[in-house]
Structure formats: structure tokens, C-alpha cells
Amino acid sequence: TLDRTTNGSGAIAEQSFTALRSLDAGAGEKIPTLIEVLDLIGARTGLNIELKGPGIVDAVTAVVTDYQARLPPWRGRILLSSFDEPQTQALAAREGDYRLGILFEGDAEAALSRAREFEAYSIHPSMEQVNSVLVTGAHAAGIKVLVYTVNEPEDIAAMQALCVDGVFSDYPDRVIALR
């Protein structure tokens, strides 16, 4: 939805591109396109792209492939994931220099099994799903554990204690401060 991060409201999917671009995403900033984000970052760091809508694998992977061809440092540093199972399967079936993350809610063992099947780079459980058994099992399979959404300092510390490989947070400064 638009409510948390813009001056708009409602579902993003129900808005036109023009309507979305007219919104204020904070301090007069517009919602950026994927191309604008890639241009801004310029391969200086890795990037996680979560595919939120159905049927967008072709468009997203085309943009990613183009940027990786023009900026070789992007190769292997872009992580693609989706909660949508058909999107995840489509990503897994494609050849590309991106990493695949298995983003899930629910059955962690099933997610770990899918990660093995798809030769995924990582699994992405919620903070509430993470435990030492899951982390140990993933690591034994050579799969990273990246946890969402970890915002509070005590939760960041708890994830560190579990030896997860990374966290997604709305407050990266807190994660850096506790690193």
C-alpha cells in the first residue's frame, strides 16, 4: 500500500504509473523506478529486489540483465525474490547472473526444500520464524539466511546471536551500529 511511505493511500497495484509518480515519497521525492534506483546505486553495493506483482519476471530480469551487461560489477550482486510462488519458479527457471532468494511465510522446512531444489542463494524468513535449527539446516546446505523485518536493537542482537547472514531493516543505521 501507499499509506506508510507516501502521501497517497490504497493499493499500489490499483494506481497508474502517472498517479504513482505524482505522489510525495518524503521531502518532495518521487517513487523511483527500478532503472532510477540502479542508476543511483551504480553497482556500488548489492541490491535486493522483491518482485511484488504477478507477471513481472520478464521485465525485471530484462532490466537487471541489461545493467549487468553494462556494469559488470553488478553480476552476482543482485538478489531477486518474491512471495509469489509462480514468480519464484519463473526466476529459478531463468539463466542470469542474479541470486535467487526464497521469500516465504509459513513452513520453513518447505521453503528450505524449495531453496535446495532451485539452488537458491538464500532463504528469507520473518524474524518470528528464525531459530537455530533453521539457520543450521540452511547453512549446512550452503544457503544464506536473510531475515525480514528486523528493526529493534534487541531483535538485531538476537539475529546476530543466531548467526543469520543478514537482516532486512527499515533502520539500517541501527544494524550498522550493532555490527
# chains A, B, ... in the order shown; residues from 1 in each chain; ligands from 1
call {"tool": "residues_around", "arguments": {"residues": "stretch 29-41 of chain A", "least_positions_apart": "6", "cutoff": "8 Å", "atoms": "only C-alpha atoms", "output": "number ranges by chain"}}
result
A: 20-23, 63, 67
call {"tool": "select_by_dssp", "arguments": {"residues": "stretch 19-119 of chain A", "states": "strand (DSSP E or B)", "output": "PDB file with C-alpha atoms, in the first residue's frame"}}
result
ATOM      1  CA  LEU A  47      20.751  -4.886  -4.170  1.00  0.00           C
ATOM      2  CA  ASN A  48      17.737  -6.928  -3.117  1.00  0.00           C
ATOM      3  CA  ILE A  49      14.759  -6.609  -5.467  1.00  0.00           C
ATOM      4  CA  GLU A  50      11.473  -8.066  -4.257  1.00  0.00           C
ATOM      5  CA  ILE A  78      21.590  -8.547  -7.321  1.00  0.00           C
ATOM      6  CA  LEU A  79      19.226 -10.699  -5.309  1.00  0.00           C
ATOM      7  CA  LEU A  80      15.709 -11.350  -6.633  1.00  0.00           C
ATOM      8  CA  SER A  81      12.873 -12.748  -4.539  1.00  0.00           C
ATOM      9  CA  SER A  82       9.088 -12.883  -4.325  1.00  0.00           C
ATOM     10  CA  ARG A  99      20.966 -14.529  -6.969  1.00  0.00           C
ATOM     11  CA  LEU A 100      17.654 -16.114  -6.033  1.00  0.00           C
ATOM     12  CA  GLY A 101      16.120 -15.696  -2.590  1.00  0.00           C
ATOM     13  CA  ILE A 102      13.236 -17.788  -1.293  1.00  0.00           C
ATOM     14  CA  LEU A 103      10.937 -15.326   0.461  1.00  0.00           C
TER      15      LEU A 103
END
call {"tool": "atom_distance", "arguments": {"atom1": "atom CA of A:Pro73", "atom2": "atom CA of A:Tyr98"}}
result
11.6 Å
call {"tool": "closest_residue", "arguments": {"among": "A:Gly28, A:Gly42, A:Gly137, A:Pro54", "to": "A:Ser113", "atoms": "only C-alpha atoms"}}
result
A:Gly137
call {"tool": "atom_distance", "arguments": {"atom1": "atom CA of A:Asn131", "atom2": "atom CA of A:Gly166"}}
result
14.1 Å
call {"tool": "select_by_dssp", "arguments": {"residues": "stretch 115-179 of chain A", "states": "alpha helix (DSSP H)", "output": "list in words"}}
result
Ala115, Arg116, Glu117, Phe118, Ser132, Val133, Leu134, Val135, Thr136, Gly137, Ala138, His139, Ala140, Pro153, Glu154, Asp155, Ile156, Ala157, Ala158, Met159, Gln160, Ala161, Pro172, Asp173, Arg174, Val175, Ile176, Ala177 and Leu178 of chain A
call {"tool": "atom_distance", "arguments": {"atom1": "atom CA of A:Leu162", "atom2": "atom CA of A:Arg179"}}
result
13.7 Å
call {"tool": "residues_around", "arguments": {"residues": "A:Ile12", "least_positions_apart": "6", "cutoff": "12 Å", "atoms": "only C-alpha atoms", "output": "PyMOL selection string"}}
result
chain A and resi 1-6+18-21+23+31+52-53
call {"tool": "write_last_selection", "arguments": {"atoms": "N, CA, C and O atoms", "output": "PDB file, in the first residue's frame"}}
result
ATOM      1  N   THR A   1       0.839  -1.190   0.000  1.00  0.00           N
ATOM      2  CA  THR A   1       0.000   0.000   0.000  1.00  0.00           C
ATOM      3  C   THR A   1       0.877   1.244   0.000  1.00  0.00           C
ATOM      4  O   THR A   1       2.063   1.191   0.311  1.00  0.00           O
ATOM      5  N   LEU A   2       0.264   2.343  -0.306  1.00  0.00           N
ATOM      6  CA  LEU A   2       0.960   3.626  -0.390  1.00  0.00           C
ATOM      7  C   LEU A   2       0.986   4.379   0.924  1.00  0.00           C
ATOM      8  O   LEU A   2       1.775   5.310   1.088  1.00  0.00           O
ATOM      9  N   ASP A   3       0.165   3.988   1.875  1.00  0.00           N
ATOM     10  CA  ASP A   3      -0.074   4.773   3.086  1.00  0.00           C
ATOM     11  C   ASP A   3       1.160   5.021   3.942  1.00  0.00           C
ATOM     12  O   ASP A   3       1.330   6.105   4.484  1.00  0.00           O
ATOM     13  N   ARG A   4       2.036   4.025   4.091  1.00  0.00           N
ATOM     14  CA  ARG A   4       3.166   4.138   5.013  1.00  0.00           C
ATOM     15  C   ARG A   4       4.285   5.019   4.481  1.00  0.00           C
ATOM     16  O   ARG A   4       4.960   5.697   5.250  1.00  0.00           O
ATOM     17  N   THR A   5       4.492   5.022   3.170  1.00  0.00           N
ATOM     18  CA  THR A   5       5.691   5.673   2.641  1.00  0.00           C
ATOM     19  C   THR A   5       5.434   6.853   1.695  1.00  0.00           C
ATOM     20  O   THR A   5       6.388   7.436   1.186  1.00  0.00           O
ATOM     21  N   THR A   6       4.161   7.172   1.443  1.00  0.00           N
ATOM     22  CA  THR A   6       3.858   8.305   0.559  1.00  0.00           C
ATOM     23  C   THR A   6       2.687   9.104   1.124  1.00  0.00           C
ATOM     24  O   THR A   6       2.078   8.718   2.123  1.00  0.00           O
ATOM     25  N   THR A  18       1.477   7.174 -13.842  1.00  0.00           N
ATOM     26  CA  THR A  18       1.411   8.639 -13.727  1.00  0.00           C
ATOM     27  C   THR A  18       0.948   9.048 -12.335  1.00  0.00           C
ATOM     28  O   THR A  18       1.512   9.964 -11.732  1.00  0.00           O
ATOM     29  N   ALA A  19      -0.064   8.368 -11.817  1.00  0.00           N
ATOM     30  CA  ALA A  19      -0.562   8.685 -10.470  1.00  0.00           C
ATOM     31  C   ALA A  19       0.505   8.404  -9.420  1.00  0.00           C
ATOM     32  O   ALA A  19       0.701   9.197  -8.490  1.00  0.00           O
ATOM     33  N   LEU A  20       1.209   7.292  -9.555  1.00  0.00           N
ATOM     34  CA  LEU A  20       2.263   6.959  -8.598  1.00  0.00           C
ATOM     35  C   LEU A  20       3.377   7.994  -8.622  1.00  0.00           C
ATOM     36  O   LEU A  20       3.887   8.394  -7.578  1.00  0.00           O
ATOM     37  N   ARG A  21       3.752   8.453  -9.807  1.00  0.00           N
ATOM     38  CA  ARG A  21       4.838   9.426  -9.926  1.00  0.00           C
ATOM     39  C   ARG A  21       4.449  10.808  -9.395  1.00  0.00           C
ATOM     40  O   ARG A  21       5.315  11.628  -9.125  1.00  0.00           O
ATOM     41  N   LEU A  23       2.968  11.269  -6.539  1.00  0.00           N
ATOM     42  CA  LEU A  23       2.959  11.210  -5.075  1.00  0.00           C
ATOM     43  C   LEU A  23       4.270  11.700  -4.479  1.00  0.00           C
ATOM     44  O   LEU A  23       5.320  11.632  -5.109  1.00  0.00           O
ATOM     45  N   ILE A  31       8.445   8.391  -6.074  1.00  0.00           N
ATOM     46  CA  ILE A  31       8.725   6.957  -6.029  1.00  0.00           C
ATOM     47  C   ILE A  31       9.641   6.643  -7.213  1.00  0.00           C
ATOM     48  O   ILE A  31       9.296   6.926  -8.356  1.00  0.00           O
ATOM     49  N   LYS A  52       6.895  -7.798  -6.412  1.00  0.00           N
ATOM     50  CA  LYS A  52       5.644  -7.738  -5.654  1.00  0.00           C
ATOM     51  C   LYS A  52       4.414  -8.059  -6.489  1.00  0.00           C
ATOM     52  O   LYS A  52       3.397  -8.426  -5.952  1.00  0.00           O
ATOM     53  N   GLY A  53       4.482  -7.869  -7.781  1.00  0.00           N
ATOM     54  CA  GLY A  53       3.295  -8.079  -8.604  1.00  0.00           C
ATOM     55  C   GLY A  53       3.444  -9.287  -9.497  1.00  0.00           C
ATOM     56  O   GLY A  53       4.551  -9.666  -9.867  1.00  0.00           O
TER      57      GLY A  53
END
call {"tool": "residues_around", "arguments": {"residues": "A:Thr136", "least_positions_apart": "2", "cutoff": "12 Å", "atoms": "only C-alpha atoms", "output": "compact mmCIF listing (two decimals) with C-alpha atoms, in the first residue's frame"}}
result
# COMPACT_ATOMS: atom_id res chain seq x y z
CA LEU A 112 14.38 -24.69 2.67
CA VAL A 130 14.03 -17.98 12.73
CA ASN A 131 15.58 -20.45 15.12
CA SER A 132 18.91 -22.21 15.44
CA VAL A 133 17.62 -25.36 13.72
CA LEU A 134 16.59 -23.41 10.61
CA ALA A 138 20.27 -23.72 5.80
CA HIS A 139 23.98 -23.26 6.41
CA ALA A 140 24.59 -27.00 6.10
CA ALA A 141 23.00 -26.78 2.65
CA GLY A 142 25.15 -23.77 1.71
CA ILE A 143 22.15 -21.42 1.83
CA LYS A 144 22.26 -17.99 3.46
CA VAL A 145 19.59 -16.86 5.94
CA LEU A 162 21.54 -16.91 15.88
CA CYS A 163 24.29 -16.32 13.28
CA VAL A 164 21.96 -15.29 10.47
CA ASP A 165 23.76 -13.93 7.42
call {"tool": "closest_residue", "arguments": {"among": "A:Ala92, A:Phe168, A:Val57, A:Val135", "to": "A:Ala115", "atoms": "only C-alpha atoms"}}
result
A:Ala92
call {"tool": "residues_around", "arguments": {"residues": "A:Asn151", "least_positions_apart": "3", "cutoff": "8 Å", "atoms": "only C-alpha atoms", "output": "mmCIF file with all heavy atoms, in the first residue's frame"}}
result
data_model
loop_
_atom_site.group_PDB
_atom_site.id
_atom_site.type_symbol
_atom_site.label_atom_id
_atom_site.label_comp_id
_atom_site.auth_asym_id
_atom_site.auth_seq_id
_atom_site.Cartn_x
_atom_site.Cartn_y
_atom_site.Cartn_z
ATOM 1 N N ASP A 155 16.216 -7.060 18.730
ATOM 2 C CA ASP A 155 15.954 -8.078 17.705
ATOM 3 C C ASP A 155 17.162 -8.245 16.782
ATOM 4 O O ASP A 155 17.489 -9.366 16.373
ATOM 5 C CB ASP A 155 14.705 -7.713 16.898
ATOM 6 C CG ASP A 155 13.443 -7.724 17.740
ATOM 7 O OD1 ASP A 155 13.369 -8.530 18.706
ATOM 8 O OD2 ASP A 155 12.527 -6.933 17.451
ATOM 9 N N ILE A 156 17.817 -7.148 16.459
ATOM 10 C CA ILE A 156 19.040 -7.214 15.655
ATOM 11 C C ILE A 156 20.083 -8.055 16.392
ATOM 12 O O ILE A 156 20.707 -8.950 15.805
ATOM 13 C CB ILE A 156 19.575 -5.798 15.352
ATOM 14 C CG1 ILE A 156 18.557 -5.017 14.492
ATOM 15 C CG2 ILE A 156 20.939 -5.868 14.661
ATOM 16 C CD1 ILE A 156 18.821 -3.521 14.424
ATOM 17 N N SER A 169 15.957 -4.373 7.165
ATOM 18 C CA SER A 169 15.511 -3.471 8.217
ATOM 19 C C SER A 169 15.093 -2.136 7.626
ATOM 20 O O SER A 169 15.628 -1.692 6.606
ATOM 21 C CB SER A 169 16.652 -3.252 9.220
ATOM 22 O OG SER A 169 16.260 -2.359 10.232
ATOM 23 N N ASP A 170 14.141 -1.497 8.285
ATOM 24 C CA ASP A 170 13.761 -0.134 7.925
ATOM 25 C C ASP A 170 14.746 0.867 8.518
ATOM 26 O O ASP A 170 14.661 2.062 8.228
ATOM 27 C CB ASP A 170 12.352 0.178 8.448
ATOM 28 C CG ASP A 170 11.295 -0.709 7.812
ATOM 29 O OD1 ASP A 170 11.409 -1.008 6.606
ATOM 30 O OD2 ASP A 170 10.349 -1.109 8.524
ATOM 31 N N TYR A 171 15.661 0.382 9.361
ATOM 32 C CA TYR A 171 16.623 1.244 10.050
ATOM 33 C C TYR A 171 18.042 0.697 9.892
ATOM 34 O O TYR A 171 18.629 0.174 10.847
ATOM 35 C CB TYR A 171 16.261 1.349 11.532
ATOM 36 C CG TYR A 171 14.866 1.865 11.749
ATOM 37 C CD1 TYR A 171 13.810 0.995 11.981
ATOM 38 C CD2 TYR A 171 14.599 3.235 11.689
ATOM 39 C CE1 TYR A 171 12.518 1.483 12.160
ATOM 40 C CE2 TYR A 171 13.313 3.717 11.870
ATOM 41 C CZ TYR A 171 12.272 2.827 12.098
ATOM 42 O OH TYR A 171 11.006 3.317 12.264
ATOM 43 N N ARG A 174 20.678 1.380 12.583
ATOM 44 C CA ARG A 174 20.678 0.550 13.803
ATOM 45 C C ARG A 174 21.471 -0.740 13.588
ATOM 46 O O ARG A 174 22.182 -1.190 14.488
ATOM 47 C CB ARG A 174 19.248 0.209 14.212
ATOM 48 C CG ARG A 174 18.428 1.409 14.633
ATOM 49 C CD ARG A 174 17.009 0.998 14.962
ATOM 50 N NE ARG A 174 16.181 2.177 15.220
ATOM 51 C CZ ARG A 174 14.871 2.129 15.418
ATOM 52 N NH1 ARG A 174 14.227 0.956 15.391
ATOM 53 N NH2 ARG A 174 14.198 3.231 15.639
#
call {"tool": "decode", "arguments": {"residues": "stretch 38-68 of chain A", "atoms": "N, CA, C and O atoms", "output": "JSON list (two decimals), in the first residue's frame"}}
result
[["chain", "number", "residue", "atom", "x", "y", "z"],
["A", 38, "LEU", "N", 18.80, 1.68, -9.91],
["A", 38, "LEU", "CA", 20.05, 1.10, -10.41],
["A", 38, "LEU", "C", 21.03, 2.19, -10.83],
["A", 38, "LEU", "O", 22.23, 2.09, -10.55],
["A", 39, "ASP", "N", 20.52, 3.24, -11.49],
["A", 39, "ASP", "CA", 21.40, 4.36, -11.87],
["A", 39, "ASP", "C", 21.99, 5.03, -10.64],
["A", 39, "ASP", "O", 23.17, 5.39, -10.61],
["A", 40, "LEU", "N", 21.18, 5.22, -9.62],
["A", 40, "LEU", "CA", 21.63, 5.89, -8.40],
["A", 40, "LEU", "C", 22.71, 5.08, -7.68],
["A", 40, "LEU", "O", 23.73, 5.62, -7.26],
["A", 41, "ILE", "N", 22.50, 3.79, -7.56],
["A", 41, "ILE", "CA", 23.44, 2.94, -6.84],
["A", 41, "ILE", "C", 24.71, 2.70, -7.65],
["A", 41, "ILE", "O", 25.81, 2.65, -7.10],
["A", 42, "GLY", "N", 24.55, 2.53, -8.96],
["A", 42, "GLY", "CA", 25.72, 2.38, -9.82],
["A", 42, "GLY", "C", 26.63, 1.23, -9.47],
["A", 42, "GLY", "O", 27.84, 1.35, -9.60],
["A", 43, "ALA", "N", 26.11, 0.13, -8.98],
["A", 43, "ALA", "CA", 26.87, -1.09, -8.66],
["A", 43, "ALA", "C", 27.83, -0.90, -7.49],
["A", 43, "ALA", "O", 28.75, -1.68, -7.32],
["A", 44, "ARG", "N", 27.62, 0.14, -6.68],
["A", 44, "ARG", "CA", 28.49, 0.35, -5.52],
["A", 44, "ARG", "C", 28.18, -0.60, -4.37],
["A", 44, "ARG", "O", 28.97, -0.73, -3.44],
["A", 45, "THR", "N", 27.03, -1.23, -4.42],
["A", 45, "THR", "CA", 26.64, -2.17, -3.37],
["A", 45, "THR", "C", 25.71, -3.20, -3.99],
["A", 45, "THR", "O", 25.22, -3.04, -5.10],
["A", 46, "GLY", "N", 25.47, -4.28, -3.26],
["A", 46, "GLY", "CA", 24.50, -5.26, -3.70],
["A", 46, "GLY", "C", 23.09, -4.69, -3.58],
["A", 46, "GLY", "O", 22.87, -3.64, -2.97],
["A", 47, "LEU", "N", 22.13, -5.36, -4.18],
["A", 47, "LEU", "CA", 20.75, -4.89, -4.17],
["A", 47, "LEU", "C", 19.80, -6.06, -4.09],
["A", 47, "LEU", "O", 19.96, -7.05, -4.80],
["A", 48, "ASN", "N", 18.81, -5.95, -3.21],
["A", 48, "ASN", "CA", 17.74, -6.93, -3.12],
["A", 48, "ASN", "C", 16.51, -6.33, -3.80],
["A", 48, "ASN", "O", 16.07, -5.24, -3.45],
["A", 49, "ILE", "N", 15.97, -7.04, -4.77],
["A", 49, "ILE", "CA", 14.76, -6.61, -5.47],
["A", 49, "ILE", "C", 13.67, -7.64, -5.19],
["A", 49, "ILE", "O", 13.80, -8.81, -5.57],
["A", 50, "GLU", "N", 12.62, -7.19, -4.51],
["A", 50, "GLU", "CA", 11.47, -8.07, -4.26],
["A", 50, "GLU", "C", 10.42, -7.81, -5.31],
["A", 50, "GLU", "O", 9.94, -6.68, -5.46],
["A", 51, "LEU", "N", 10.06, -8.85, -6.05],
["A", 51, "LEU", "CA", 9.01, -8.74, -7.06],
["A", 51, "LEU", "C", 7.67, -8.86, -6.36],
["A", 51, "LEU", "O", 7.35, -9.90, -5.79],
["A", 52, "LYS", "N", 6.90, -7.80, -6.41],
["A", 52, "LYS", "CA", 5.64, -7.74, -5.65],
["A", 52, "LYS", "C", 4.41, -8.06, -6.49],
["A", 52, "LYS", "O", 3.40, -8.43, -5.95],
["A", 53, "GLY", "N", 4.48, -7.87, -7.78],
["A", 53, "GLY", "CA", 3.30, -8.08, -8.60],
["A", 53, "GLY", "C", 3.44, -9.29, -9.50],
["A", 53, "GLY", "O", 4.55, -9.67, -9.87],
["A", 54, "PRO", "N", 2.34, -9.91, -9.87],
["A", 54, "PRO", "CA", 2.41, -11.07, -10.76],
["A", 54, "PRO", "C", 2.81, -10.65, -12.17],
["A", 54, "PRO", "O", 2.54, -9.52, -12.61],
["A", 55, "GLY", "N", 3.48, -11.54, -12.86],
["A", 55, "GLY", "CA", 3.79, -11.33, -14.27],
["A", 55, "GLY", "C", 4.86, -10.30, -14.57],
["A", 55, "GLY", "O", 4.88, -9.75, -15.67],
["A", 56, "ILE", "N", 5.76, -10.03, -13.63],
["A", 56, "ILE", "CA", 6.78, -9.00, -13.88],
["A", 56, "ILE", "C", 8.20, -9.57, -13.98],
["A", 56, "ILE", "O", 9.15, -8.81, -14.13],
["A", 57, "VAL", "N", 8.32, -10.88, -13.97],
["A", 57, "VAL", "CA", 9.65, -11.50, -14.04],
["A", 57, "VAL", "C", 10.38, -11.08, -15.30],
["A", 57, "VAL", "O", 11.56, -10.71, -15.25],
["A", 58, "ASP", "N", 9.72, -11.13, -16.45],
["A", 58, "ASP", "CA", 10.38, -10.79, -17.71],
["A", 58, "ASP", "C", 10.91, -9.36, -17.69],
["A", 58, "ASP", "O", 12.06, -9.11, -18.07],
["A", 59, "ALA", "N", 10.09, -8.42, -17.25],
["A", 59, "ALA", "CA", 10.50, -7.01, -17.24],
["A", 59, "ALA", "C", 11.66, -6.77, -16.27],
["A", 59, "ALA", "O", 12.63, -6.10, -16.62],
["A", 60, "VAL", "N", 11.57, -7.33, -15.08],
["A", 60, "VAL", "CA", 12.62, -7.11, -14.08],
["A", 60, "VAL", "C", 13.93, -7.77, -14.51],
["A", 60, "VAL", "O", 14.99, -7.15, -14.44],
["A", 61, "THR", "N", 13.87, -9.00, -14.96],
["A", 61, "THR", "CA", 15.11, -9.67, -15.35],
["A", 61, "THR", "C", 15.73, -9.03, -16.59],
["A", 61, "THR", "O", 16.95, -9.01, -16.73],
["A", 62, "ALA", "N", 14.91, -8.46, -17.48],
["A", 62, "ALA", "CA", 15.46, -7.76, -18.64],
["A", 62, "ALA", "C", 16.25, -6.53, -18.19],
["A", 62, "ALA", "O", 17.35, -6.27, -18.69],
["A", 63, "VAL", "N", 15.71, -5.77, -17.25],
["A", 63, "VAL", "CA", 16.41, -4.59, -16.74],
["A", 63, "VAL", "C", 17.69, -5.01, -16.03],
["A", 63, "VAL", "O", 18.76, -4.43, -16.26],
["A", 64, "VAL", "N", 17.60, -6.02, -15.18],
["A", 64, "VAL", "CA", 18.78, -6.50, -14.44],
["A", 64, "VAL", "C", 19.86, -6.99, -15.40],
["A", 64, "VAL", "O", 21.03, -6.65, -15.26],
["A", 65, "THR", "N", 19.47, -7.77, -16.40],
["A", 65, "THR", "CA", 20.43, -8.30, -17.37],
["A", 65, "THR", "C", 21.11, -7.17, -18.13],
["A", 65, "THR", "O", 22.33, -7.19, -18.35],
["A", 66, "ASP", "N", 20.34, -6.16, -18.52],
["A", 66, "ASP", "CA", 20.90, -5.01, -19.23],
["A", 66, "ASP", "C", 21.94, -4.29, -18.36],
["A", 66, "ASP", "O", 23.03, -3.97, -18.83],
["A", 67, "TYR", "N", 21.61, -4.04, -17.10],
["A", 67, "TYR", "CA", 22.54, -3.34, -16.22],
["A", 67, "TYR", "C", 23.78, -4.18, -15.93],
["A", 67, "TYR", "O", 24.89, -3.65, -15.85],
["A", 68, "GLN", "N", 23.60, -5.48, -15.80],
["A", 68, "GLN", "CA", 24.76, -6.32, -15.54],
["A", 68, "GLN", "C", 25.69, -6.36, -16.75],
["A", 68, "GLN", "O", 26.90, -6.45, -16.60]]
